[in-house]
>>> print(open('protein11.pdb').read())   # PDB, C-alpha atoms
MODEL        1
ATOM      1  CA  MET M1320     153.722   1.617 -92.401  1.00  0.00           C
ATOM      2  CA  LYS M1321     156.183   3.743 -94.374  1.00  0.00           C
ATOM      3  CA  LYS M1322     153.555   4.249 -97.061  1.00  0.00           C
ATOM      4  CA  VAL M1323     151.026   5.500 -94.473  1.00  0.00           C
ATOM      5  CA  ILE M1324     153.530   7.964 -92.993  1.00  0.00           C
ATOM      6  CA  PHE M1325     154.504   9.182 -96.471  1.00  0.00           C
ATOM      7  CA  THR M1326     150.825   9.659 -97.405  1.00  0.00           C
ATOM      8  CA  ILE M1327     150.145  11.654 -94.224  1.00  0.00           C
ATOM      9  CA  MET M1328     153.235  13.819 -94.786  1.00  0.00           C
ATOM     10  CA  TRP M1329     152.184  14.402 -98.414  1.00  0.00           C
ATOM     11  CA  MET M1330     148.696  15.494 -97.274  1.00  0.00           C
ATOM     12  CA  LEU M1331     150.101  17.905 -94.654  1.00  0.00           C
ATOM     13  CA  LEU M1332     152.674  19.489 -96.975  1.00  0.00           C
ATOM     14  CA  PRO M1333     150.301  22.100 -98.478  1.00  0.00           C
ATOM     15  CA  MET M1334     149.289  23.254 -94.980  1.00  0.00           C
ATOM     16  CA  LEU M1335     152.903  23.610 -93.920  1.00  0.00           C
ATOM     17  CA  ALA M1336     153.830  25.444 -97.093  1.00  0.00           C
ATOM     18  CA  SER M1337     151.018  27.952 -96.710  1.00  0.00           C
ATOM     19  CA  ALA M1338     151.669  28.811 -93.060  1.00  0.00           C
ATOM     20  CA  ASP M1339     153.994  31.679 -92.148  1.00  0.00           C
ATOM     21  CA  ALA M1340     155.037  32.763 -88.676  1.00  0.00           C
ATOM     22  CA  VAL M1341     154.571  36.485 -88.206  1.00  0.00           C
ATOM     23  CA  GLU M1342     154.534  38.976 -85.330  1.00  0.00           C
ATOM     24  CA  ILE M1343     151.702  41.499 -85.287  1.00  0.00           C
ATOM     25  CA  ASP M1344     151.445  43.973 -82.408  1.00  0.00           C
ATOM     26  CA  GLY M1345     153.537  41.786 -80.109  1.00  0.00           C
ATOM     27  CA  ILE M1346     151.607  38.554 -80.720  1.00  0.00           C
ATOM     28  CA  TYR M1347     152.988  35.724 -82.865  1.00  0.00           C
ATOM     29  CA  TYR M1348     150.744  33.921 -85.357  1.00  0.00           C
ATOM     30  CA  GLU M1349     150.890  31.103 -87.845  1.00  0.00           C
ATOM     31  CA  LEU M1350     148.949  32.324 -90.875  1.00  0.00           C
ATOM     32  CA  ASN M1351     147.194  30.068 -93.344  1.00  0.00           C
ATOM     33  CA  SER M1352     146.835  31.888 -96.640  1.00  0.00           C
ATOM     34  CA  GLU M1353     144.376  29.343 -98.039  1.00  0.00           C
ATOM     35  CA  THR M1354     141.829  29.527 -95.224  1.00  0.00           C
ATOM     36  CA  LYS M1355     142.657  33.121 -94.194  1.00  0.00           C
ATOM     37  CA  THR M1356     142.982  32.009 -90.586  1.00  0.00           C
ATOM     38  CA  ALA M1357     145.550  32.789 -87.909  1.00  0.00           C
ATOM     39  CA  VAL M1358     146.623  30.723 -84.911  1.00  0.00           C
ATOM     40  CA  VAL M1359     148.283  32.326 -81.883  1.00  0.00           C
ATOM     41  CA  THR M1360     151.646  30.669 -81.313  1.00  0.00           C
ATOM     42  CA  SER M1361     154.500  31.003 -78.848  1.00  0.00           C
ATOM     43  CA  ASN M1362     156.644  34.091 -78.458  1.00  0.00           C
ATOM     44  CA  PRO M1363     160.371  33.286 -78.317  1.00  0.00           C
ATOM     45  CA  GLU M1364     160.775  36.078 -75.732  1.00  0.00           C
ATOM     46  CA  LYS M1365     157.703  34.900 -73.723  1.00  0.00           C
ATOM     47  CA  TYR M1366     154.512  36.908 -73.395  1.00  0.00           C
ATOM     48  CA  SER M1367     154.072  39.160 -70.375  1.00  0.00           C
ATOM     49  CA  GLY M1368     151.597  41.660 -68.975  1.00  0.00           C
ATOM     50  CA  SER M1369     148.152  41.872 -70.505  1.00  0.00           C
ATOM     51  CA  VAL M1370     147.615  40.252 -73.922  1.00  0.00           C
ATOM     52  CA  ASP M1371     144.552  41.250 -75.929  1.00  0.00           C
ATOM     53  CA  ILE M1372     144.121  38.821 -78.840  1.00  0.00           C
ATOM     54  CA  PRO M1373     142.211  40.498 -81.684  1.00  0.00           C
ATOM     55  CA  GLU M1374     139.506  38.754 -83.736  1.00  0.00           C
ATOM     56  CA  LYS M1375     141.307  39.602 -86.974  1.00  0.00           C
ATOM     57  CA  VAL M1376     144.877  40.440 -87.934  1.00  0.00           C
ATOM     58  CA  LYS M1377     146.388  41.986 -91.030  1.00  0.00           C
ATOM     59  CA  PRO M1378     150.129  41.746 -91.653  1.00  0.00           C
ATOM     60  CA  GLU M1379     151.734  45.016 -92.814  1.00  0.00           C
ATOM     61  CA  GLU M1380     152.967  43.602 -96.113  1.00  0.00           C
ATOM     62  CA  THR M1381     149.516  42.466 -97.283  1.00  0.00           C
ATOM     63  CA  GLU M1382     145.944  43.609 -97.647  1.00  0.00           C
ATOM     64  CA  THR M1383     144.668  40.209 -96.501  1.00  0.00           C
ATOM     65  CA  GLU M1384     142.855  39.978 -93.183  1.00  0.00           C
ATOM     66  CA  TYR M1385     143.091  36.745 -91.186  1.00  0.00           C
ATOM     67  CA  SER M1386     140.546  35.538 -88.638  1.00  0.00           C
ATOM     68  CA  VAL M1387     142.157  34.400 -85.365  1.00  0.00           C
ATOM     69  CA  THR M1388     140.624  30.967 -84.764  1.00  0.00           C
ATOM     70  CA  ALA M1389     142.886  29.153 -82.301  1.00  0.00           C
ATOM     71  CA  ILE M1390     145.487  29.326 -79.574  1.00  0.00           C
ATOM     72  CA  PHE M1391     148.134  26.780 -80.467  1.00  0.00           C
ATOM     73  CA  ASN M1392     149.610  24.104 -78.199  1.00  0.00           C
ATOM     74  CA  ARG M1393     151.945  25.638 -75.609  1.00  0.00           C
ATOM     75  CA  ALA M1394     151.418  29.168 -77.026  1.00  0.00           C
ATOM     76  CA  PHE M1395     151.658  30.823 -73.599  1.00  0.00           C
ATOM     77  CA  GLU M1396     153.482  28.031 -71.750  1.00  0.00           C
ATOM     78  CA  CYS M1397     155.854  29.214 -68.994  1.00  0.00           C
ATOM     79  CA  CYS M1398     154.919  32.873 -69.463  1.00  0.00           C
ATOM     80  CA  SER M1399     155.171  33.643 -65.750  1.00  0.00           C
ATOM     81  CA  GLY M1400     154.872  37.388 -66.408  1.00  0.00           C
ATOM     82  CA  LEU M1401     151.540  36.991 -68.189  1.00  0.00           C
ATOM     83  CA  THR M1402     148.837  38.635 -66.053  1.00  0.00           C
ATOM     84  CA  SER M1403     145.757  38.541 -68.293  1.00  0.00           C
ATOM     85  CA  VAL M1404     144.598  37.346 -71.699  1.00  0.00           C
ATOM     86  CA  THR M1405     141.545  38.463 -73.637  1.00  0.00           C
ATOM     87  CA  ILE M1406     140.337  35.704 -75.953  1.00  0.00           C
ATOM     88  CA  PRO M1407     138.116  36.924 -78.807  1.00  0.00           C
ATOM     89  CA  GLY M1408     134.861  35.335 -79.950  1.00  0.00           C
ATOM     90  CA  SER M1409     136.553  34.124 -83.130  1.00  0.00           C
ATOM     91  CA  VAL M1410     138.655  31.531 -81.267  1.00  0.00           C
ATOM     92  CA  THR M1411     137.240  28.003 -81.446  1.00  0.00           C
ATOM     93  CA  SER M1412     140.071  25.978 -79.914  1.00  0.00           C
ATOM     94  CA  ILE M1413     142.658  26.244 -77.169  1.00  0.00           C
ATOM     95  CA  GLY M1414     145.570  23.828 -77.500  1.00  0.00           C
ATOM     96  CA  VAL M1415     147.182  21.437 -75.037  1.00  0.00           C
ATOM     97  CA  TYR M1416     149.333  23.119 -72.389  1.00  0.00           C
ATOM     98  CA  ALA M1417     148.302  26.478 -73.950  1.00  0.00           C
ATOM     99  CA  PHE M1418     148.591  28.387 -70.649  1.00  0.00           C
ATOM    100  CA  SER M1419     150.532  25.885 -68.552  1.00  0.00           C
ATOM    101  CA  GLU M1420     152.864  27.284 -65.907  1.00  0.00           C
ATOM    102  CA  CYS M1421     151.574  30.870 -66.271  1.00  0.00           C
ATOM    103  CA  SER M1422     151.970  31.711 -62.591  1.00  0.00           C
ATOM    104  CA  GLY M1423     150.978  35.370 -63.021  1.00  0.00           C
ATOM    105  CA  LEU M1424     147.657  34.582 -64.690  1.00  0.00           C
ATOM    106  CA  THR M1425     144.895  35.002 -62.090  1.00  0.00           C
ATOM    107  CA  SER M1426     141.720  34.558 -64.144  1.00  0.00           C
ATOM    108  CA  ILE M1427     140.649  33.794 -67.676  1.00  0.00           C
ATOM    109  CA  THR M1428     137.375  33.972 -69.593  1.00  0.00           C
ATOM    110  CA  ILE M1429     136.516  31.391 -72.240  1.00  0.00           C
ATOM    111  CA  PRO M1430     134.251  32.879 -74.940  1.00  0.00           C
ATOM    112  CA  GLY M1431     131.122  31.198 -76.267  1.00  0.00           C
ATOM    113  CA  SER M1432     132.904  30.252 -79.499  1.00  0.00           C
ATOM    114  CA  VAL M1433     135.412  27.808 -77.951  1.00  0.00           C
ATOM    115  CA  ALA M1434     134.540  24.231 -78.892  1.00  0.00           C
ATOM    116  CA  SER M1435     137.669  22.478 -77.655  1.00  0.00           C
ATOM    117  CA  ILE M1436     140.174  22.953 -74.861  1.00  0.00           C
ATOM    118  CA  GLY M1437     143.294  20.802 -74.986  1.00  0.00           C
ATOM    119  CA  GLU M1438     144.393  18.652 -72.100  1.00  0.00           C
ATOM    120  CA  PHE M1439     146.381  20.457 -69.395  1.00  0.00           C
ATOM    121  CA  ALA M1440     145.600  23.875 -70.905  1.00  0.00           C
ATOM    122  CA  PHE M1441     145.804  25.463 -67.418  1.00  0.00           C
ATOM    123  CA  TYR M1442     148.303  23.043 -65.872  1.00  0.00           C
ATOM    124  CA  VAL M1443     150.318  24.434 -62.923  1.00  0.00           C
ATOM    125  CA  CYS M1444     148.908  27.969 -63.202  1.00  0.00           C
ATOM    126  CA  SER M1445     149.644  28.693 -59.548  1.00  0.00           C
ATOM    127  CA  GLY M1446     148.007  32.142 -59.564  1.00  0.00           C
ATOM    128  CA  LEU M1447     144.848  31.093 -61.409  1.00  0.00           C
ATOM    129  CA  THR M1448     141.885  31.519 -59.064  1.00  0.00           C
ATOM    130  CA  ALA M1449     138.990  31.388 -61.551  1.00  0.00           C
ATOM    131  CA  ILE M1450     138.088  30.166 -64.994  1.00  0.00           C
ATOM    132  CA  THR M1451     134.993  31.901 -66.333  1.00  0.00           C
ATOM    133  CA  VAL M1452     133.014  30.616 -69.310  1.00  0.00           C
ATOM    134  CA  ASP M1453     130.619  32.753 -71.332  1.00  0.00           C
ATOM    135  CA  GLU M1454     127.085  31.452 -70.724  1.00  0.00           C
ATOM    136  CA  SER M1455     126.494  31.122 -74.476  1.00  0.00           C
ATOM    137  CA  ASN M1456     129.211  28.456 -74.778  1.00  0.00           C
ATOM    138  CA  PRO M1457     127.541  25.158 -75.786  1.00  0.00           C
ATOM    139  CA  ASN M1458     130.512  22.997 -74.715  1.00  0.00           C
ATOM    140  CA  PHE M1459     131.804  24.299 -71.380  1.00  0.00           C
ATOM    141  CA  LYS M1460     130.600  25.999 -68.232  1.00  0.00           C
ATOM    142  CA  SER M1461     132.080  27.363 -65.040  1.00  0.00           C
ATOM    143  CA  GLU M1462     130.782  26.964 -61.510  1.00  0.00           C
ATOM    144  CA  GLU M1463     132.544  28.837 -58.713  1.00  0.00           C
ATOM    145  CA  GLY M1464     135.511  29.355 -61.053  1.00  0.00           C
ATOM    146  CA  VAL M1465     135.879  25.630 -61.806  1.00  0.00           C
ATOM    147  CA  LEU M1466     135.820  24.448 -65.445  1.00  0.00           C
ATOM    148  CA  PHE M1467     133.273  21.756 -66.424  1.00  0.00           C
ATOM    149  CA  SER M1468     131.817  20.230 -69.548  1.00  0.00           C
ATOM    150  CA  LYS M1469     128.523  21.953 -70.401  1.00  0.00           C
ATOM    151  CA  ASP M1470     126.453  19.014 -69.140  1.00  0.00           C
ATOM    152  CA  GLY M1471     128.347  19.069 -65.842  1.00  0.00           C
ATOM    153  CA  THR M1472     129.447  15.426 -66.060  1.00  0.00           C
ATOM    154  CA  THR M1473     133.169  16.211 -66.419  1.00  0.00           C
ATOM    155  CA  LEU M1474     135.160  18.370 -64.032  1.00  0.00           C
ATOM    156  CA  ILE M1475     137.984  19.542 -66.309  1.00  0.00           C
ATOM    157  CA  THR M1476     140.087  21.885 -64.169  1.00  0.00           C
ATOM    158  CA  TYR M1477     140.043  23.148 -60.607  1.00  0.00           C
ATOM    159  CA  PRO M1478     142.181  26.331 -60.633  1.00  0.00           C
ATOM    160  CA  MET M1479     145.397  25.810 -58.703  1.00  0.00           C
ATOM    161  CA  GLY M1480     145.305  29.282 -57.140  1.00  0.00           C
ATOM    162  CA  LYS M1481     141.903  28.891 -55.469  1.00  0.00           C
ATOM    163  CA  THR M1482     142.273  29.393 -51.732  1.00  0.00           C
ATOM    164  CA  GLU M1483     139.413  27.240 -50.455  1.00  0.00           C
ATOM    165  CA  THR M1484     140.454  24.399 -48.166  1.00  0.00           C
ATOM    166  CA  ALA M1485     137.499  22.197 -49.132  1.00  0.00           C
ATOM    167  CA  TYR M1486     135.554  21.589 -52.334  1.00  0.00           C
ATOM    168  CA  THR M1487     132.487  19.433 -52.868  1.00  0.00           C
ATOM    169  CA  ILE M1488     132.353  17.836 -56.289  1.00  0.00           C
ATOM    170  CA  PRO M1489     128.837  18.212 -57.728  1.00  0.00           C
ATOM    171  CA  ASN M1490     126.715  15.050 -57.914  1.00  0.00           C
ATOM    172  CA  SER M1491     126.434  15.416 -61.698  1.00  0.00           C
ATOM    173  CA  VAL M1492     130.175  14.707 -62.144  1.00  0.00           C
ATOM    174  CA  THR M1493     130.959  11.217 -63.427  1.00  0.00           C
ATOM    175  CA  ASN M1494     134.428  11.986 -64.816  1.00  0.00           C
ATOM    176  CA  ILE M1495     137.320  14.019 -63.452  1.00  0.00           C
ATOM    177  CA  GLY M1496     139.897  15.269 -65.943  1.00  0.00           C
ATOM    178  CA  THR M1497     143.469  14.063 -65.716  1.00  0.00           C
ATOM    179  CA  ARG M1498     145.361  16.251 -63.233  1.00  0.00           C
ATOM    180  CA  ALA M1499     142.229  18.344 -62.633  1.00  0.00           C
ATOM    181  CA  PHE M1500     143.351  18.905 -59.031  1.00  0.00           C
ATOM    182  CA  GLU M1501     147.128  18.829 -59.660  1.00  0.00           C
ATOM    183  CA  ASP M1502     149.073  20.820 -57.042  1.00  0.00           C
ATOM    184  CA  CYS M1503     145.929  22.280 -55.450  1.00  0.00           C
ATOM    185  CA  ASN M1504     147.716  22.336 -52.107  1.00  0.00           C
ATOM    186  CA  GLY M1505     145.085  24.503 -50.411  1.00  0.00           C
ATOM    187  CA  LEU M1506     142.588  21.635 -50.487  1.00  0.00           C
ATOM    188  CA  THR M1507     142.784  19.378 -47.471  1.00  0.00           C
TER
ENDMDL
END
>>> encode(input="protein11.pdb", output="structure tokens")
Amino acid sequence: MKKVIFTIMWMLLPMLASADAVEIDGIYYELNSETKTAVVTSNPEKYSGSVDIPEKVKPEETETEYSVTAIFNRAFECCSGLTSVTIPGSVTSIGVYAFSECSGLTSITIPGSVASIGEFAFYVCSGLTAITVDESNPNFKSEEGVLFSKDGTTLITYPMGKTETAYTIPNSVTNIGTRAFEDCNGLT
């Protein structure tokens, strides 16, 4: 067991060594100099207002441009002052709890490029009334502001801030995501 853990740590060491946390225009990123990619990470002061994530970033001290490819786990967690986020078409993944407890966030649009959304990404977003998915997305879709897998078999998240008192789950749904209806107190 110790050998397996050591091997995994040894394999991850180059990735850790090449990543640097940096703030660019008010957004924090982990940069990977080998792949020239950037991942949005948490802000120690918490994000607030409107956040417009660019497709590419370039730190001041370098000429290298990095493509923003992901929103890291818990990147916007507990950012109650966050009102909107623009996610660029370069982002392919949204981490677990990425936007959890963002009570000021009322809607969000998932671009066609996103291939994975971590569990509980929109957990306890009390102001969230709609999740919109770009129609070109091959993995996810939205119906009436509710997030589904593209084939409609999995209901992933029902936005907590929706005001409807009743909701009919489509017949195509065979799986409901964990906590998909968590704290949706308006439903009776």
>>> resolve_selection(input="protein11.pdb", expression="the PyMOL selection byres ((chain M and resi 1387-1404) around 8)", output="PyMOL selection string")
chain M and resi 1356-1362+1365-1376+1385-1386+1405-1406+1409-1427+1437
>>> atom_distance(input="protein11.pdb", atom1="CA of Ile1475 in chain M", atom2="CA of Glu1349 in chain M")
27.6 Å
>>> residues_around(input="protein11.pdb", residues="Thr1497 in chain M", least_positions_apart="2", cutoff="8 Å", atoms="all atoms listed in the file", output="VMD selection string")
chain M and resid 1438 to 1439 1475 1495 1499
>>> resolve_selection(input="protein11.pdb", expression="the PyMOL selection byres ((chain M and resi 1478) around 7)", output="list in words")
Leu1447, Thr1448, Ala1449, Val1465, Thr1476, Tyr1477, Met1479, Gly1480 and Lys1481 of chain M
>>> atom_distance(input="protein11.pdb", atom1="CA of Ser1435 in chain M", atom2="CA of Arg1498 in chain M")
17.5 Å
